[in-house]
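The block underneath contains the structure these notes are about, expressed in structure tokens.
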Amino acid sequence: MADFVMPSLGADMESATLVKWHVKPGDVVKRGDIIAEVDTDKGIIDVECFQSGVIERLVIEPGAKIPVGALLAVIQGGETPAAAPAPVSTPEVVTEAPHVHASPLAKKIALELGVDLNQLIGHGTGPGGLIDREDVENAAKTKIAPQPSHGRISPLARRRAEELHVDLTQVKGSGPGGAIEAADIERAATAATAAPQKPGDSMRRAIAAAMAKSKREIPHYYLQTHIDMSVTLAWLQAENAKRGIKDRLLPVVPILKAIAKALRDVPQLNGFWIDGQHRVSEAIHLGFAISMKGGGLVAPALHDVDKKSCDELMADLRDLIPRARSGRLRSSEMTDATITITSLGDLGVESVFGVIYPPQVAIVGLGKVLEQPWAKDGMLGVHPVMNATLAADHRATDGHLGAQFLEALNRHLQAPDQP
Amino acid sequence: MSEAELKTILLDGLRKIAPEADPTTLRGDQNIRETLDIDSFDFLSFLIALHDKLGVEIPEADYGKLSTLDAMLRYLGPKV
């Protein structure tokens with residue numbers, strides 16, 4: 001059995017509203033199936049299933065706003081992959097080991113407040129290290145959801161209250177004898193977050209949170225290089241001359257391809273910095289920054305760019321960009337990117353130094369291709385030139401490696417026809 | 001096709017890719033992509049829609065001749 005929890009669809013996401021289930025109990029699902037739609041700061045996202053199995057039950061009703069990591073559904077026969085972000089707490093049982101040295105009153109209060117006395121061993125402040133009433137009460141205060149001294153509460157409800165950050169003292173129980181049940185918690189959580197917000201505001205806040213986190217935590221270093229684009233553009237022109245308008249490639253396509261090849265040469269920039277560790281990703285999923293018409297941006301992943309042809313990449317872009325702008329992205333696209341690419345060349349900007357999207361470790365910036373004087377083989381000519389930049393996390397890599405990446409990017413842009 | 005009909009088709013196409021902007025206030029000599037904030041992807045989508053509607057094949061080398069409304073009318077007028 002596996003818990004299907006609200007996935008984190010980006011470093012800046014805290015919660016999302018369940019819009020719709022695409023499955024019902026008894027349905028067979030496999031990994032990658034779209035099983036639900038959630039409304040996030042970045043529009044409606046199709047949530048894909050992490051595991052295969054049979055839907056046992058749906059825990060959340062559409063309309064509820066759910067924090068990341070909260071249980072959405074239970075899947076029978078599924079296996080939770082090791083990487084699944086599922087911090088599921090088991091209902092706590094208050095056990096009292098015989099060797100706990102606590103006052104009778106402390107034991108009684110510990111039971112009432114749901115404090116595990118074992119956690120307080122060695123922390124007693126009473127005579128001879130005795131755990132007294134005050135110790136227990138202090139311990140209870142530090143818990144997220146203290147159990148009210150009155151009324152009863154089901155273990156599931158307690159767990160949901162912790163997940164949804166609901167204050168149990170404010171919840172009215174509807175169960176037998178006024179017991180608080182899970183449904184009461186869901187109602188309280190929904191009511192607490194029902195305040196209407198403008199969608200643009202929440203995207204702005206999400207970007208603010210992610211970018212502030214990035215600048216607060218990531219020591220960026222920045223590199224820039226000028227790349228002669230004549231070979232790539234000549235190749236592109238020849239390719240497009242062979243194609244009808246519907247199959248033509250945009251200039252960014254061979255550039256994305258070259259970035260993926262350069263990341264194969266310098267894989268350290270492709271990955272994450274998580275819990276003080278540098279984790280290089282084998283897969284190359286380029287997060288492609290797409291500006292929204294009403295302001296804001298999203299950077300959904302183009303998957304496996306190193307393994308795709310330019311035509312496949314163009315097809316991916318044709319699919320991805322309109323969906324990003326209309327708010328119809330898939331959860332894997334929101335979570336999988338291993339590096340971000342930002343291109344502001346369309347607006348005539350010469351160079352852009354990006355802000356890394358945590359927990360990624362690098363962002364590549366592409367400027368406008370401009371006709372510039374260019375010295376080559378002792379001759380001065382006019383060439384189309386692009387400024388490519390790299391902003392990278394100095395915790396994970398050093399400038400020397402970043403320079404190797406930009407050099408590799410340059411090399412691959414001089415040979416666009418190479419696989 | 002009359003110039004007025006062609007202009008209507010062009011403005012309809014622009015409205016589809018730049019719904020927030022108002023193409024009807026566009027002057028004939030204004031750069032369309034800059035004025036309506038249309039990126040290269042949207043511009044290509046616009047040209048594909050024109051191709052579907054008018055049956056005109058526009059080579060990539062001619063994209064530069066389509067930067068303003070007046071230029072589009074000049075370029076496409078004889079072809080439709």
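We name chains A, B, ... following the order of the structure tokens; residues begin at 1 in each chain, and ligands are numbered from 1 as shown.
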Legend entry - Shell around Thr342 in chain A at 9 Å using only C-alpha atoms, local window under 2 positions removed, as a list of chain:residue names: A:Gly287, A:Phe288, A:Ala289, A:Ile290, A:Ala299, A:Thr340, A:Leu344, A:Val352, A:Phe353, A:Gly354, A:Ile363, A:Val364, A:Gly365, A:Leu366, A:Gly367
I need the residues from that last selection saved to file as a short mmCIF file (atom, residue, chain, number, x, y, z; two decimals), in the first residue's frame (with C-alpha atoms), if you can.
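Output (result25.cif):
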```cif
data_model
loop_
_atom_site.label_atom_id
_atom_site.label_comp_id
_atom_site.auth_asym_id
_atom_site.auth_seq_id
_atom_site.Cartn_x
_atom_site.Cartn_y
_atom_site.Cartn_z
CA GLY A 287 13.69 23.94 -17.31
CA PHE A 288 12.70 26.45 -19.97
CA ALA A 289 11.66 29.82 -18.57
CA ILE A 290 8.41 30.94 -20.20
CA ALA A 299 10.09 27.14 -16.06
CA THR A 340 17.08 26.24 -16.02
CA LEU A 344 15.50 37.12 -23.12
CA VAL A 352 20.91 37.94 -18.80
CA PHE A 353 22.45 36.68 -15.55
CA GLY A 354 19.88 34.38 -14.01
CA ILE A 363 20.98 28.63 -14.77
CA VAL A 364 22.03 29.43 -18.33
CA GLY A 365 21.14 32.84 -19.78
CA LEU A 366 20.78 33.50 -23.50
CA GLY A 367 20.86 36.99 -24.98
#
```
Contacts between chain B and chain A, please, where a residue of chain A counts if it comes within 9 Å (with only C-alpha atoms); show its shortest atom pair and distance in Å to one decimal, rows by chain and ascending number, as a Markdown table.
```
| residue | atom | partner | partner_atom | distance |
| --- | --- | --- | --- | --- |
| A:Gln237 | CA | B:Glu60 | CA | 7.6 |
| A:Asn240 | CA | B:Glu60 | CA | 7.1 |
| A:Ala241 | CA | B:Pro59 | CA | 7.1 |
| A:Gly244 | CA | B:Glu57 | CA | 7.7 |
| A:Ile245 | CA | B:Ile48 | CA | 6.4 |
| A:Lys246 | CA | B:Ile48 | CA | 6.1 |
| A:Arg248 | CA | B:Glu60 | CA | 8.5 |
| A:Leu250 | CA | B:Phe41 | CA | 7.3 |
| A:Pro251 | CA | B:Ser40 | CA | 9.0 |
| A:Lys293 | CA | B:Glu20 | CA | 7.3 |
| A:Gly294 | CA | B:Glu20 | CA | 7.7 |
| A:Leu317 | CA | B:Phe41 | CA | 8.7 |
| A:Arg318 | CA | B:Phe41 | CA | 8.1 |
| A:Ile321 | CA | B:Phe41 | CA | 8.3 |
| A:Asp346 | CA | B:Asp39 | CA | 5.7 |
| A:Leu347 | CA | B:Glu34 | CA | 7.6 |
```
Inset, instruction - Could you tell me how far CA of Asp417 in chain A lies from CA of Phe405 in chain A, in Å and to one decimal? - result: 19.2 Å
Inset, instruction - Name the residues in contact with Val19 in chain A at a cut-off of 6 Å, using only C-alpha atoms, excluding same-chain residues fewer than 4 positions from it; report them as an MDAnalysis selection string. - result: chainID A and resid 37:38 62:63
Dump as a compact mmCIF listing (two decimals), in the first residue's frame, selection limited to N, CA and C atoms:
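Generated file (out.txt):
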```txt
# COMPACT_ATOMS: atom_id res chain seq x y z
N GLU A 37 -6.16 16.92 -10.80
CA GLU A 37 -5.79 18.28 -11.20
C GLU A 37 -5.74 19.12 -9.94
N VAL A 38 -4.68 19.89 -9.80
CA VAL A 38 -4.61 20.81 -8.67
C VAL A 38 -4.37 22.23 -9.17
N PRO A 62 -12.47 17.32 -3.78
CA PRO A 62 -12.14 18.49 -4.58
C PRO A 62 -12.59 19.77 -3.86
N GLY A 63 -11.80 20.83 -4.02
CA GLY A 63 -12.14 22.09 -3.37
C GLY A 63 -11.28 22.38 -2.17
```
Legend entry - Selected residue, from A:Gly402, A:Gly296, A:Pro7, A:Gly32, that lies nearest to Ala362 in chain A when counting only C-alpha atoms: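 Looking only at the distances to Ala362 in chain A, the closest residue turns out to be A:Gly402.
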Inset, instruction - Go through B:Leu54, B:Leu26, B:Ile32, B:Leu14 one by one, measure the shortest atom-to-atom distance of each to Lys79 in chain B using only C-alpha atoms, and give the residue with the smallest value. - result: B:Leu54
Legend entry - Closest of A:Glu48, A:Glu371, A:Asp393, A:Asp304 to Gln277 in chain A - atom-to-atom distances counting only C-alpha atoms: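 Checking each of A:Glu48, A:Glu371, A:Asp393, A:Asp304 against Gln277 in chain A, counting only C-alpha atoms, the winner is A:Asp393.
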Inset, instruction - Skip Thr8 in chain B itself and residues of its chain fewer than 3 positions away, then list as a PyMOL selection string all residues within 12 Å of it, counting only C-alpha atoms. - result: chain B and resi 1-5+11-15+23-24+50+53+69+73
Legend entry - DSSP-assigned helix (DSSP H, G or I) members of range 17-74 of chain B, reported as a PyMOL selection string: chain B and resi 17+23-25+32-36+40-54+60-66+69-74
The selected residues should be written to file as a compact mmCIF listing (two decimals), in the first residue's frame (atoms: C-alpha atoms).
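again.txt, freshly written:
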```txt
# COMPACT_ATOMS: atom_id res chain seq x y z
CA ILE B 17 -1.57 35.32 -29.86
CA PRO B 23 -4.12 45.04 -32.04
CA THR B 24 -6.83 47.41 -33.27
CA THR B 25 -4.92 50.37 -31.82
CA ILE B 32 4.28 44.35 -34.31
CA ARG B 33 6.48 42.13 -32.18
CA GLU B 34 7.79 44.99 -30.05
CA THR B 35 4.45 46.77 -29.68
CA LEU B 36 2.43 43.68 -28.80
CA SER B 40 9.55 34.30 -31.63
CA PHE B 41 7.40 31.32 -30.69
CA ASP B 42 4.16 33.33 -30.86
CA PHE B 43 5.25 34.96 -34.10
CA LEU B 44 5.84 31.56 -35.68
CA SER B 45 2.41 30.42 -34.43
CA PHE B 46 0.90 33.53 -36.02
CA LEU B 47 2.59 32.79 -39.37
CA ILE B 48 1.42 29.18 -39.24
CA ALA B 49 -2.15 30.38 -38.64
CA LEU B 50 -1.83 32.76 -41.60
CA HIS B 51 -0.52 29.92 -43.74
CA ASP B 52 -3.54 27.80 -42.79
CA LYS B 53 -5.96 30.63 -43.50
CA LEU B 54 -4.44 32.08 -46.68
CA GLU B 60 11.96 31.96 -43.36
CA ALA B 61 14.13 34.44 -45.25
CA ASP B 62 11.05 36.66 -45.67
CA TYR B 63 10.13 36.88 -41.97
CA GLY B 64 11.90 40.25 -41.86
CA LYS B 65 9.42 41.62 -44.41
CA LEU B 66 6.56 41.08 -41.97
CA LEU B 69 1.04 45.75 -40.42
CA ASP B 70 1.74 47.87 -43.52
CA ALA B 71 4.66 45.62 -44.46
CA MET B 72 2.46 42.53 -44.11
CA LEU B 73 -0.21 44.03 -46.34
CA ARG B 74 2.44 44.90 -48.94
```
Inset, instruction - From range 205-257 of chain A, collect each residue whose DSSP state is strand (DSSP E) and return the set as a list in words. - result: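 The strand (DSSP E) residues within range 205-257 of chain A come out as His220, Tyr221, Tyr222, Leu223, Gln224, Thr225, His226, Ile227 and Asp228 of chain A.
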Legend entry - Spatial neighbours of Val171 in chain A, max dist 9 Å, only C-alpha atoms, sep filter under 2 positions, as a count of residues only: 9
Inset, instruction - Could you check which of A:Gly26, A:Pro300, A:Gly126, A:Gly178 is closest to Gly77 in chain A, using only C-alpha atoms? - result: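 The answer is A:Gly26, which sits nearest to Gly77 in chain A.
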Legend entry - Distance in Å - CA of Gly55 in chain B versus CA of Tyr75 in chain B: 13.9 Å
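The residue that comes closest to Thr40 in chain A, out of A:Pro25, A:Pro67, A:Gly276, A:Gly124 and on the basis of only C-alpha atoms, is A:Pro67.
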Legend entry - d(CA of Phe272 in chain A, CA of Ala396 in chain A) in Å: 8.5 Å
Legend entry - Leu120 in chain A surroundings by only C-alpha atoms, 8 Å radius, close-in-sequence under 6 positions cut, as a list of chain:residue names: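 Residues meeting the cut-off are A:Ile131, A:Asp135, A:Val136.
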